[in-house]
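Structure file query-v3.txt (compact mmCIF, C-alpha atoms and all ligand atoms) is printed below.
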# COMPACT_ATOMS: atom_id res chain seq x y z
CA MET A 1 -113.95 29.80 40.87
CA ARG A 2 -116.97 30.62 43.03
CA PRO A 3 -115.84 31.32 46.59
CA LEU A 4 -117.26 29.54 49.64
CA ILE A 5 -118.07 31.02 53.02
CA ALA A 6 -118.48 28.28 55.61
CA GLY A 7 -119.74 28.67 59.15
CA ASN A 8 -118.27 26.26 61.69
CA TRP A 9 -120.68 26.54 64.61
CA LYS A 10 -118.47 24.27 66.74
CA MET A 11 -120.21 23.17 70.00
CA ASN A 12 -122.63 26.10 70.00
CA THR A 13 -126.38 26.62 69.54
CA LEU A 14 -129.39 24.93 71.07
CA ARG A 15 -132.30 24.06 68.78
CA ALA A 16 -133.97 27.48 69.00
CA ASP A 17 -130.71 29.44 68.36
CA GLY A 18 -129.65 27.28 65.43
CA SER A 19 -133.10 27.45 63.84
CA ALA A 20 -133.30 31.24 64.15
CA LEU A 21 -129.76 31.66 62.83
CA VAL A 22 -130.25 29.57 59.73
CA ALA A 23 -133.76 30.92 59.08
CA GLY A 24 -132.22 34.40 59.05
CA LEU A 25 -129.60 33.30 56.53
CA VAL A 26 -132.23 31.68 54.30
CA GLU A 27 -134.17 34.93 54.39
CA GLN A 28 -131.11 37.06 53.47
CA ARG A 29 -130.09 34.66 50.73
CA SER A 30 -133.60 34.68 49.22
CA ARG A 31 -133.21 38.43 48.64
CA LYS A 32 -129.67 38.45 47.27
CA ASP A 33 -127.02 36.16 45.78
CA PRO A 34 -123.79 37.49 47.28
CA GLY A 35 -121.73 35.67 44.64
CA CYS A 36 -120.41 32.96 46.94
CA ASP A 37 -121.61 29.58 48.13
CA ILE A 38 -122.77 29.55 51.75
CA LEU A 39 -122.33 26.55 54.01
CA VAL A 40 -123.39 25.99 57.61
CA CYS A 41 -121.86 23.27 59.79
CA PRO A 42 -124.00 22.87 62.91
CA PRO A 43 -123.48 20.28 65.67
CA PHE A 44 -124.45 16.72 64.66
CA ILE A 45 -127.61 16.73 66.74
CA SER A 46 -129.02 19.77 64.92
CA LEU A 47 -128.37 18.52 61.38
CA GLY A 48 -131.93 17.21 60.81
CA LEU A 49 -133.51 20.36 62.16
CA ILE A 50 -131.29 22.66 60.10
CA GLU A 51 -131.72 20.51 56.99
CA ASP A 52 -135.51 21.03 57.21
CA ILE A 53 -135.12 24.81 57.40
CA ILE A 54 -132.64 25.19 54.52
CA SER A 55 -134.40 22.71 52.26
CA GLY A 56 -135.23 24.41 48.96
CA SER A 57 -132.74 27.23 49.58
CA PRO A 58 -129.17 27.40 48.19
CA ILE A 59 -127.66 27.26 51.71
CA LEU A 60 -125.45 24.16 51.99
CA LEU A 61 -125.20 21.77 54.93
CA GLY A 62 -122.10 20.19 56.44
CA ALA A 63 -120.85 18.51 59.60
CA GLN A 64 -117.78 19.14 61.73
CA ASP A 65 -116.26 15.66 61.82
CA CYS A 66 -116.93 12.03 60.93
CA HIS A 67 -115.66 8.58 61.92
CA LYS A 68 -113.26 6.77 59.59
CA GLU A 69 -115.43 3.62 59.58
CA GLU A 70 -118.92 3.30 58.05
CA PHE A 71 -120.71 1.27 60.74
CA GLY A 72 -119.88 -0.81 63.76
CA ALA A 73 -119.13 -0.89 67.45
CA TYR A 74 -117.89 2.70 67.81
CA THR A 75 -119.93 4.15 70.67
CA GLY A 76 -120.65 7.81 70.09
CA GLY A 77 -119.34 7.69 66.52
CA ILE A 78 -121.03 9.30 63.51
CA SER A 79 -120.05 7.98 60.09
CA ALA A 80 -119.77 9.67 56.71
CA ALA A 81 -122.60 7.41 55.49
CA MET A 82 -124.85 8.80 58.24
CA LEU A 83 -123.94 12.39 57.36
CA SER A 84 -124.70 11.80 53.72
CA ASP A 85 -127.98 10.16 54.70
CA ALA A 86 -128.82 13.19 56.89
CA GLY A 87 -128.50 15.53 53.91
CA CYS A 88 -124.95 16.80 54.39
CA GLY A 89 -122.82 17.56 51.37
CA PHE A 90 -119.71 18.61 53.28
CA VAL A 91 -117.66 17.69 56.33
CA ILE A 92 -114.88 19.60 58.10
CA LEU A 93 -111.97 17.25 58.87
CA GLY A 94 -108.69 17.70 60.72
CA HIS A 95 -109.71 20.89 62.49
CA SER A 96 -106.93 21.96 64.87
CA GLU A 97 -109.31 21.63 67.82
CA ARG A 98 -109.84 17.96 66.97
CA ARG A 99 -106.15 17.44 66.22
CA ALA A 100 -105.30 18.88 69.67
CA GLN A 101 -108.24 17.72 71.81
CA ASN A 102 -108.86 14.32 70.23
CA TYR A 103 -105.27 13.49 69.24
CA GLU A 104 -106.12 13.24 65.55
CA THR A 105 -103.11 12.49 63.36
CA ASP A 106 -102.60 13.24 59.67
CA LEU A 107 -103.11 9.52 58.97
CA LEU A 108 -106.45 9.41 60.79
CA VAL A 109 -107.58 12.61 59.04
CA SER A 110 -106.70 11.10 55.65
CA GLN A 111 -108.72 7.96 56.51
CA LYS A 112 -111.69 10.16 57.42
CA VAL A 113 -111.30 12.10 54.16
CA SER A 114 -111.40 8.82 52.21
CA ALA A 115 -114.53 7.75 54.12
CA ALA A 116 -116.12 11.11 53.31
CA HIS A 117 -115.30 10.79 49.62
CA ALA A 118 -116.66 7.23 49.50
CA ASN A 119 -119.96 8.70 50.73
CA ASP A 120 -120.09 11.63 48.31
CA LEU A 121 -119.17 14.26 50.89
CA VAL A 122 -116.85 17.14 50.07
CA SER A 123 -114.09 17.27 52.71
CA ILE A 124 -112.86 20.57 54.09
CA VAL A 125 -109.40 19.64 55.32
CA CYS A 126 -107.86 22.02 57.86
CA VAL A 127 -104.16 22.77 58.22
CA GLY A 128 -102.37 25.43 60.24
CA GLU A 129 -99.36 26.19 62.39
CA THR A 130 -99.16 26.98 66.11
CA LEU A 131 -97.49 30.13 67.36
CA ILE A 132 -94.47 28.04 68.33
CA ASP A 133 -94.22 26.77 64.74
CA ARG A 134 -94.52 30.28 63.36
CA ASP A 135 -91.91 31.72 65.73
CA ALA A 136 -89.58 28.86 64.77
CA GLY A 137 -89.99 29.75 61.09
CA SER A 138 -91.63 26.37 60.35
CA THR A 139 -95.05 27.55 59.12
CA LEU A 140 -94.64 26.41 55.52
CA SER A 141 -93.11 23.04 56.40
CA VAL A 142 -95.81 22.36 59.01
CA VAL A 143 -98.72 23.09 56.68
CA GLU A 144 -96.98 21.13 53.91
CA GLU A 145 -96.63 18.05 56.10
CA GLN A 146 -100.26 18.33 57.23
CA LEU A 147 -101.55 18.79 53.69
CA LEU A 148 -99.64 15.91 52.17
CA GLY A 149 -100.35 13.65 55.15
CA SER A 150 -104.05 14.45 55.53
CA VAL A 151 -105.26 14.59 51.92
CA PRO A 152 -105.34 11.24 50.07
CA LYS A 153 -103.46 11.16 46.75
CA ASN A 154 -106.65 10.63 44.74
CA ALA A 155 -108.40 13.73 46.11
CA ASN A 156 -109.54 16.27 43.55
CA ALA A 157 -110.89 19.79 43.33
CA LYS A 158 -114.49 18.59 43.35
CA ASN A 159 -114.34 16.50 46.51
CA THR A 160 -111.78 18.43 48.56
CA ILE A 161 -111.39 21.96 49.91
CA ILE A 162 -108.40 23.09 51.97
CA ALA A 163 -108.74 25.48 54.92
CA TYR A 164 -105.68 27.31 56.23
CA GLU A 165 -106.35 28.08 59.88
CA PRO A 166 -103.38 29.33 61.91
CA VAL A 167 -104.00 27.87 65.38
CA TRP A 168 -102.95 31.12 67.05
CA ALA A 169 -105.58 33.07 65.09
CA ILE A 170 -108.52 30.86 66.09
CA GLY A 171 -110.83 32.59 68.56
CA THR A 172 -108.13 35.08 69.56
CA GLY A 173 -109.04 38.15 67.53
CA LYS A 174 -105.54 38.00 66.00
CA THR A 175 -105.12 37.55 62.27
CA PRO A 176 -102.05 37.13 60.10
CA THR A 177 -101.10 40.02 57.83
CA THR A 178 -102.24 39.74 54.24
CA MET A 179 -98.59 39.09 53.32
CA GLN A 180 -98.47 36.14 55.72
CA ILE A 181 -101.77 34.79 54.35
CA THR A 182 -100.52 35.23 50.78
CA GLU A 183 -97.32 33.32 51.55
CA VAL A 184 -99.14 30.29 52.97
CA HIS A 185 -101.95 30.20 50.41
CA ASP A 186 -99.47 30.51 47.51
CA HIS A 187 -97.44 27.66 48.99
CA LEU A 188 -100.55 25.50 49.39
CA ARG A 189 -101.52 26.23 45.78
CA VAL A 190 -98.12 25.11 44.48
CA LEU A 191 -98.32 21.92 46.56
CA LEU A 192 -101.81 21.19 45.27
CA GLU A 193 -100.69 21.75 41.68
CA ASN A 194 -97.66 19.49 42.14
CA HIS A 195 -99.35 16.63 43.99
CA PHE A 196 -103.01 16.44 42.94
CA ALA A 197 -105.07 16.34 39.77
CA GLU A 198 -106.62 19.76 39.03
CA GLY A 199 -104.58 21.31 41.88
CA GLY A 200 -105.27 24.76 40.49
CA GLY A 201 -109.00 24.24 41.01
CA PHE A 202 -109.06 23.40 44.72
CA ARG A 203 -110.68 26.07 46.88
CA ILE A 204 -108.37 27.24 49.67
CA LEU A 205 -110.26 28.92 52.53
CA TYR A 206 -108.80 31.12 55.23
CA GLY A 207 -110.02 30.70 58.82
CA GLY A 208 -109.14 32.31 62.15
CA SER A 209 -110.82 35.38 63.66
CA MET A 210 -112.42 36.33 60.36
CA ASN A 211 -115.08 38.97 60.97
CA SER A 212 -117.10 41.58 59.13
CA SER A 213 -114.29 44.14 59.47
CA ASN A 214 -111.36 42.10 58.16
CA ALA A 215 -113.15 39.76 55.71
CA GLY A 216 -113.03 42.12 52.71
CA GLU A 217 -109.27 42.50 52.90
CA ILE A 218 -108.56 38.81 53.57
CA LEU A 219 -110.93 37.61 50.85
CA SER A 220 -109.23 39.87 48.30
CA VAL A 221 -105.93 37.98 48.66
CA LYS A 222 -105.06 35.90 45.59
CA ASN A 223 -105.50 32.19 46.32
CA VAL A 224 -107.95 32.90 49.15
CA ASN A 225 -111.11 31.32 47.78
CA GLY A 226 -113.35 31.83 50.76
CA GLY A 227 -113.49 31.64 54.52
CA LEU A 228 -114.08 29.19 57.36
CA VAL A 229 -115.70 31.24 60.08
CA GLY A 230 -116.15 30.30 63.74
CA GLY A 231 -117.41 32.91 66.21
CA ALA A 232 -118.68 35.35 63.58
CA SER A 233 -120.82 32.62 61.99
CA LEU A 234 -123.10 32.59 65.04
CA THR A 235 -125.08 35.71 64.24
CA VAL A 236 -126.93 36.43 61.00
CA LYS A 237 -125.62 39.99 60.95
CA ASP A 238 -121.93 39.11 61.21
CA PHE A 239 -122.04 36.04 58.99
CA TRP A 240 -124.07 37.71 56.26
CA ALA A 241 -121.73 40.72 56.37
CA ILE A 242 -118.81 38.34 55.67
CA CYS A 243 -120.73 36.62 52.87
CA THR A 244 -121.33 39.97 51.20
CA SER A 245 -117.85 41.40 51.68
CA PHE A 246 -116.27 40.20 48.40
P1 LIG B 1 -112.94 31.78 64.83
O1 LIG B 1 -113.53 32.41 63.60
O2 LIG B 1 -113.84 31.80 66.01
O3 LIG B 1 -111.56 32.28 65.12
O4 LIG B 1 -112.77 30.21 64.49
C1 LIG B 1 -112.18 29.84 63.29
C2 LIG B 1 -112.34 28.39 63.13
O5 LIG B 1 -111.77 27.60 63.87
C3 LIG B 1 -113.23 27.93 62.06
O6 LIG B 1 -113.09 26.55 61.85
As structure tokens, please, write out the structure in this file.
Amino acid sequence: MRPLIAGNWKMNTLRADGSALVAGLVEQRSRKDPGCDILVCPPFISLGLIEDIISGSPILLGAQDCHKEEFGAYTGGISAAMLSDAGCGFVILGHSERRAQNYETDLLVSQKVSAAHANDLVSIVCVGETLIDRDAGSTLSVVEEQLLGSVPKNANAKNTIIAYEPVWAIGTGKTPTTMQITEVHDHLRVLLENHFAEGGGFRILYGGSMNSSNAGEILSVKNVNGGLVGGASLTVKDFWAICTSF
């Protein structure tokens, strides 16, 4: 399966920064196919701008969240229909920052995933344990509960991607060992095979302090089918280095 490297820009970039960043990626990609799909997920307000710059290039566009409803009296909400209409093909859902800061539950995440699928968006569903979970030995049970609770039963390998992001590795410069990553990704693969059609075909991304120095090793782990990159997706140099590190 062709790997995916996704950049989650989070709440970063003004118009000029985002434009320069993605123009740099378009330029790199026009010279070389690194053998993976490349996705950028800018803030909502930059989607139109970024869509114009990547148009005609193989760089893919996604958002970082969506509402569970299509339209209505939800002040500040952005729906999956709007994302699709804006040119997005992907949406990150259930990121640990949204689970923690916006009190998103597995049920709400699964409703958002269904809304995304109804609007032809591929969902990137995030799961991951806290340090407390890991120290308690509950990593596998925590990610299992999140996966089964956040991904609707009818999801398939074409419309859903899983991202394993240990909360303690996000933005900290700490990464799990390759053995720890292997253990979780293998467990997620078995769960996908047991509970979903084409479970063997789902891409499972790793995310959390991925950078140009550790990407090669992490991306070589079996059942790691790409990366979800935060901080290192904000410069062309770092992000392109990750894209080319397979
Ligand atoms: P960092 O790469 O900054 O640790 O963030 C990872 C992440 O949360 C991507 O969704």
Which one is closest to A:Ser79: A:Ser96, A:Asn194, A:Gln64, A:Gln146? Count all atoms listed in the file. A:Gln64
Residues of chain A within 10 Å of ligand LIG 1 (chain B): nearest atom pair and distance (Å, one decimal) for each, counting all atoms listed in the file, sorted by chain and number, as CSV?
residue,atom,partner,partner_atom,distance
A:Ala6,CA,B:LIG1,C3,8.3
A:Gly7,CA,B:LIG1,C3,7.2
A:Asn8,CA,B:LIG1,O6,5.2
A:Trp9,CA,B:LIG1,C3,8.0
A:Lys10,CA,B:LIG1,O6,7.6
A:Cys41,CA,B:LIG1,O6,9.6
A:Gln64,CA,B:LIG1,O6,8.8
A:Ile92,CA,B:LIG1,O6,8.1
A:Leu93,CA,B:LIG1,O6,9.8
A:Gly94,CA,B:LIG1,O6,9.9
A:His95,CA,B:LIG1,O6,6.6
A:Ser96,CA,B:LIG1,O5,7.5
A:Glu97,CA,B:LIG1,O5,7.6
A:Ile124,CA,B:LIG1,O6,9.8
A:Cys126,CA,B:LIG1,O6,8.0
A:Ala163,CA,B:LIG1,O6,8.3
A:Tyr164,CA,B:LIG1,O6,9.3
A:Glu165,CA,B:LIG1,O5,6.7
A:Pro166,CA,B:LIG1,O5,8.8
A:Val167,CA,B:LIG1,O5,7.9
A:Trp168,CA,B:LIG1,O3,8.9
A:Ala169,CA,B:LIG1,O3,6.0
A:Ile170,CA,B:LIG1,O3,3.5
A:Gly171,CA,B:LIG1,O3,3.5
A:Thr172,CA,B:LIG1,O3,6.3
A:Gly173,CA,B:LIG1,O3,6.8
A:Lys174,CA,B:LIG1,O3,8.4
A:Thr175,CA,B:LIG1,O3,8.8
A:Tyr206,CA,B:LIG1,C3,8.7
A:Gly207,CA,B:LIG1,C1,5.0
A:Gly208,CA,B:LIG1,O3,3.8
A:Ser209,CA,B:LIG1,O3,3.5
A:Met210,CA,B:LIG1,O1,5.2
A:Asn211,CA,B:LIG1,O1,7.2
A:Gly227,CA,B:LIG1,C3,8.4
A:Leu228,CA,B:LIG1,C3,4.9
A:Val229,CA,B:LIG1,O1,4.3
A:Gly230,CA,B:LIG1,O1,3.4
A:Gly231,CA,B:LIG1,O2,3.7
A:Ala232,CA,B:LIG1,O1,5.9
A:Ser233,CA,B:LIG1,O1,7.5
A:Leu234,CA,B:LIG1,O2,9.3
Restricting the output to C-alpha atoms, write the selected residues as a PDB file, keeping the file's coordinate frame.
ATOM      1  CA  ALA A   6    -118.480  28.280  55.610  1.00  0.00           C
ATOM      2  CA  GLY A   7    -119.740  28.670  59.150  1.00  0.00           C
ATOM      3  CA  ASN A   8    -118.270  26.260  61.690  1.00  0.00           C
ATOM      4  CA  TRP A   9    -120.680  26.540  64.610  1.00  0.00           C
ATOM      5  CA  LYS A  10    -118.470  24.270  66.740  1.00  0.00           C
ATOM      6  CA  CYS A  41    -121.860  23.270  59.790  1.00  0.00           C
ATOM      7  CA  GLN A  64    -117.780  19.140  61.730  1.00  0.00           C
ATOM      8  CA  ILE A  92    -114.880  19.600  58.100  1.00  0.00           C
ATOM      9  CA  LEU A  93    -111.970  17.250  58.870  1.00  0.00           C
ATOM     10  CA  GLY A  94    -108.690  17.700  60.720  1.00  0.00           C
ATOM     11  CA  HIS A  95    -109.710  20.890  62.490  1.00  0.00           C
ATOM     12  CA  SER A  96    -106.930  21.960  64.870  1.00  0.00           C
ATOM     13  CA  GLU A  97    -109.310  21.630  67.820  1.00  0.00           C
ATOM     14  CA  ILE A 124    -112.860  20.570  54.090  1.00  0.00           C
ATOM     15  CA  CYS A 126    -107.860  22.020  57.860  1.00  0.00           C
ATOM     16  CA  ALA A 163    -108.740  25.480  54.920  1.00  0.00           C
ATOM     17  CA  TYR A 164    -105.680  27.310  56.230  1.00  0.00           C
ATOM     18  CA  GLU A 165    -106.350  28.080  59.880  1.00  0.00           C
ATOM     19  CA  PRO A 166    -103.380  29.330  61.910  1.00  0.00           C
ATOM     20  CA  VAL A 167    -104.000  27.870  65.380  1.00  0.00           C
ATOM     21  CA  TRP A 168    -102.950  31.120  67.050  1.00  0.00           C
ATOM     22  CA  ALA A 169    -105.580  33.070  65.090  1.00  0.00           C
ATOM     23  CA  ILE A 170    -108.520  30.860  66.090  1.00  0.00           C
ATOM     24  CA  GLY A 171    -110.830  32.590  68.560  1.00  0.00           C
ATOM     25  CA  THR A 172    -108.130  35.080  69.560  1.00  0.00           C
ATOM     26  CA  GLY A 173    -109.040  38.150  67.530  1.00  0.00           C
ATOM     27  CA  LYS A 174    -105.540  38.000  66.000  1.00  0.00           C
ATOM     28  CA  THR A 175    -105.120  37.550  62.270  1.00  0.00           C
ATOM     29  CA  TYR A 206    -108.800  31.120  55.230  1.00  0.00           C
ATOM     30  CA  GLY A 207    -110.020  30.700  58.820  1.00  0.00           C
ATOM     31  CA  GLY A 208    -109.140  32.310  62.150  1.00  0.00           C
ATOM     32  CA  SER A 209    -110.820  35.380  63.660  1.00  0.00           C
ATOM     33  CA  MET A 210    -112.420  36.330  60.360  1.00  0.00           C
ATOM     34  CA  ASN A 211    -115.080  38.970  60.970  1.00  0.00           C
ATOM     35  CA  GLY A 227    -113.490  31.640  54.520  1.00  0.00           C
ATOM     36  CA  LEU A 228    -114.080  29.190  57.360  1.00  0.00           C
ATOM     37  CA  VAL A 229    -115.700  31.240  60.080  1.00  0.00           C
ATOM     38  CA  GLY A 230    -116.150  30.300  63.740  1.00  0.00           C
ATOM     39  CA  GLY A 231    -117.410  32.910  66.210  1.00  0.00           C
ATOM     40  CA  ALA A 232    -118.680  35.350  63.580  1.00  0.00           C
ATOM     41  CA  SER A 233    -120.820  32.620  61.990  1.00  0.00           C
ATOM     42  CA  LEU A 234    -123.100  32.590  65.040  1.00  0.00           C
TER      43      LEU A 234
END
Figure out the distance between atom CA of A:Ser30 and atom CA of A:Asn159, please, to one decimal in Å.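 Between atom CA of A:Asn159 and atom CA of A:Ser30 the gap is 26.6 Å.
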Would you give me, as a tab-separated table, each residue of stretch 130-171 of chain A having an atom within 12 Å of an atom of stretch 84-90 of chain A, along with its shortest atom pair and that distance in Å to one decimal, using only C-alpha atoms and sorting by chain and residue number?
residue	atom	partner	partner_atom	distance
A:Lys158	CA	A:Phe90	CA	11.2
A:Asn159	CA	A:Phe90	CA	8.9
A:Thr160	CA	A:Phe90	CA	9.2
A:Ile161	CA	A:Phe90	CA	9.6
Written file, previous selection with C-alpha atoms, as a compact mmCIF listing (two decimals), keeping the file's coordinate frame:
# COMPACT_ATOMS: atom_id res chain seq x y z
CA LYS A 158 -114.49 18.59 43.35
CA ASN A 159 -114.34 16.50 46.51
CA THR A 160 -111.78 18.43 48.56
CA ILE A 161 -111.39 21.96 49.91
Determine, counting all atoms listed in the file, which protein, DNA and RNA residues have an atom within 12 Å of an atom of A:Gly199; residues of the same chain fewer than 6 positions away are not included. Present the result as a list of chain:residue names.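 Close residues of A:Gly199: A:Lys153, A:Asn154, A:Ala155, A:Asn156, A:Ala157, A:Lys158, A:Asn159, A:Thr160, A:Ile161, A:Ile162, A:Asp186, A:His187, A:Leu188, A:Arg189, A:Val190, A:Leu191, A:Leu192, A:Glu193, A:Asn223.
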Could all heavy atoms be built for stretch 230-240 of chain A and written out as a PDB file, keeping the file's coordinate frame?
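Result file out-v2.pdb:
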ATOM      1  N   GLY A 230    -115.672  30.867  62.483  1.00  0.00           N
ATOM      2  CA  GLY A 230    -116.150  30.300  63.740  1.00  0.00           C
ATOM      3  C   GLY A 230    -117.103  31.268  64.422  1.00  0.00           C
ATOM      4  O   GLY A 230    -118.286  31.364  64.088  1.00  0.00           O
ATOM      5  N   GLY A 231    -116.586  32.028  65.384  1.00  0.00           N
ATOM      6  CA  GLY A 231    -117.410  32.910  66.210  1.00  0.00           C
ATOM      7  C   GLY A 231    -118.353  33.812  65.422  1.00  0.00           C
ATOM      8  O   GLY A 231    -119.537  33.950  65.778  1.00  0.00           O
ATOM      9  N   ALA A 232    -117.848  34.398  64.343  1.00  0.00           N
ATOM     10  CA  ALA A 232    -118.680  35.350  63.580  1.00  0.00           C
ATOM     11  C   ALA A 232    -119.719  34.650  62.710  1.00  0.00           C
ATOM     12  O   ALA A 232    -120.492  35.316  62.017  1.00  0.00           O
ATOM     13  CB  ALA A 232    -117.790  36.258  62.731  1.00  0.00           C
ATOM     14  N   SER A 233    -119.756  33.309  62.753  1.00  0.00           N
ATOM     15  CA  SER A 233    -120.820  32.620  61.990  1.00  0.00           C
ATOM     16  C   SER A 233    -122.052  32.406  62.855  1.00  0.00           C
ATOM     17  O   SER A 233    -123.044  31.836  62.398  1.00  0.00           O
ATOM     18  CB  SER A 233    -120.320  31.279  61.455  1.00  0.00           C
ATOM     19  OG  SER A 233    -120.188  30.313  62.486  1.00  0.00           O
ATOM     20  N   LEU A 234    -122.005  32.885  64.104  1.00  0.00           N
ATOM     21  CA  LEU A 234    -123.100  32.590  65.040  1.00  0.00           C
ATOM     22  C   LEU A 234    -124.166  33.665  65.111  1.00  0.00           C
ATOM     23  O   LEU A 234    -125.140  33.518  65.856  1.00  0.00           O
ATOM     24  CB  LEU A 234    -122.528  32.316  66.442  1.00  0.00           C
ATOM     25  CG  LEU A 234    -121.652  31.050  66.536  1.00  0.00           C
ATOM     26  CD1 LEU A 234    -120.989  30.950  67.899  1.00  0.00           C
ATOM     27  CD2 LEU A 234    -122.483  29.798  66.256  1.00  0.00           C
ATOM     28  N   THR A 235    -123.978  34.753  64.364  1.00  0.00           N
ATOM     29  CA  THR A 235    -125.080  35.710  64.240  1.00  0.00           C
ATOM     30  C   THR A 235    -125.318  35.969  62.753  1.00  0.00           C
ATOM     31  O   THR A 235    -124.373  35.968  61.952  1.00  0.00           O
ATOM     32  CB  THR A 235    -124.804  37.071  64.932  1.00  0.00           C
ATOM     33  OG1 THR A 235    -123.752  37.735  64.221  1.00  0.00           O
ATOM     34  CG2 THR A 235    -124.422  36.905  66.390  1.00  0.00           C
ATOM     35  N   VAL A 236    -126.571  36.178  62.402  1.00  0.00           N
ATOM     36  CA  VAL A 236    -126.930  36.430  61.000  1.00  0.00           C
ATOM     37  C   VAL A 236    -126.203  37.679  60.512  1.00  0.00           C
ATOM     38  O   VAL A 236    -125.630  37.703  59.420  1.00  0.00           O
ATOM     39  CB  VAL A 236    -128.458  36.624  60.847  1.00  0.00           C
ATOM     40  CG1 VAL A 236    -128.819  36.929  59.397  1.00  0.00           C
ATOM     41  CG2 VAL A 236    -129.206  35.412  61.344  1.00  0.00           C
ATOM     42  N   LYS A 237    -126.193  38.705  61.356  1.00  0.00           N
ATOM     43  CA  LYS A 237    -125.620  39.990  60.950  1.00  0.00           C
ATOM     44  C   LYS A 237    -124.142  39.838  60.577  1.00  0.00           C
ATOM     45  O   LYS A 237    -123.713  40.255  59.497  1.00  0.00           O
ATOM     46  CB  LYS A 237    -125.782  40.974  62.116  1.00  0.00           C
ATOM     47  CG  LYS A 237    -125.355  42.373  61.836  1.00  0.00           C
ATOM     48  CD  LYS A 237    -125.893  43.311  62.947  1.00  0.00           C
ATOM     49  CE  LYS A 237    -125.240  44.666  62.876  1.00  0.00           C
ATOM     50  NZ  LYS A 237    -123.919  44.666  63.531  1.00  0.00           N
ATOM     51  N   ASP A 238    -123.373  39.239  61.459  1.00  0.00           N
ATOM     52  CA  ASP A 238    -121.930  39.110  61.210  1.00  0.00           C
ATOM     53  C   ASP A 238    -121.643  38.173  60.045  1.00  0.00           C
ATOM     54  O   ASP A 238    -120.803  38.459  59.193  1.00  0.00           O
ATOM     55  CB  ASP A 238    -121.213  38.589  62.459  1.00  0.00           C
ATOM     56  CG  ASP A 238    -121.174  39.641  63.557  1.00  0.00           C
ATOM     57  OD1 ASP A 238    -121.269  40.841  63.235  1.00  0.00           O
ATOM     58  OD2 ASP A 238    -121.071  39.252  64.738  1.00  0.00           O
ATOM     59  N   PHE A 239    -122.340  37.037  60.022  1.00  0.00           N
ATOM     60  CA  PHE A 239    -122.040  36.040  58.990  1.00  0.00           C
ATOM     61  C   PHE A 239    -122.453  36.557  57.620  1.00  0.00           C
ATOM     62  O   PHE A 239    -121.713  36.426  56.640  1.00  0.00           O
ATOM     63  CB  PHE A 239    -122.724  34.714  59.320  1.00  0.00           C
ATOM     64  CG  PHE A 239    -122.238  33.556  58.487  1.00  0.00           C
ATOM     65  CD1 PHE A 239    -120.896  33.197  58.480  1.00  0.00           C
ATOM     66  CD2 PHE A 239    -123.124  32.810  57.716  1.00  0.00           C
ATOM     67  CE1 PHE A 239    -120.439  32.126  57.714  1.00  0.00           C
ATOM     68  CE2 PHE A 239    -122.674  31.729  56.950  1.00  0.00           C
ATOM     69  CZ  PHE A 239    -121.336  31.390  56.955  1.00  0.00           C
ATOM     70  N   TRP A 240    -123.606  37.178  57.551  1.00  0.00           N
ATOM     71  CA  TRP A 240    -124.070  37.710  56.260  1.00  0.00           C
ATOM     72  C   TRP A 240    -123.138  38.832  55.796  1.00  0.00           C
ATOM     73  O   TRP A 240    -122.848  38.962  54.605  1.00  0.00           O
ATOM     74  CB  TRP A 240    -125.520  38.177  56.348  1.00  0.00           C
ATOM     75  CG  TRP A 240    -126.052  38.557  55.001  1.00  0.00           C
ATOM     76  CD1 TRP A 240    -126.316  39.801  54.550  1.00  0.00           C
ATOM     77  CD2 TRP A 240    -126.314  37.648  53.911  1.00  0.00           C
ATOM     78  NE1 TRP A 240    -126.752  39.755  53.240  1.00  0.00           N
ATOM     79  CE2 TRP A 240    -126.750  38.438  52.823  1.00  0.00           C
ATOM     80  CE3 TRP A 240    -126.229  36.274  53.748  1.00  0.00           C
ATOM     81  CZ2 TRP A 240    -127.109  37.884  51.595  1.00  0.00           C
ATOM     82  CZ3 TRP A 240    -126.577  35.719  52.523  1.00  0.00           C
ATOM     83  CH2 TRP A 240    -127.002  36.524  51.465  1.00  0.00           C
TER      84      TRP A 240
END
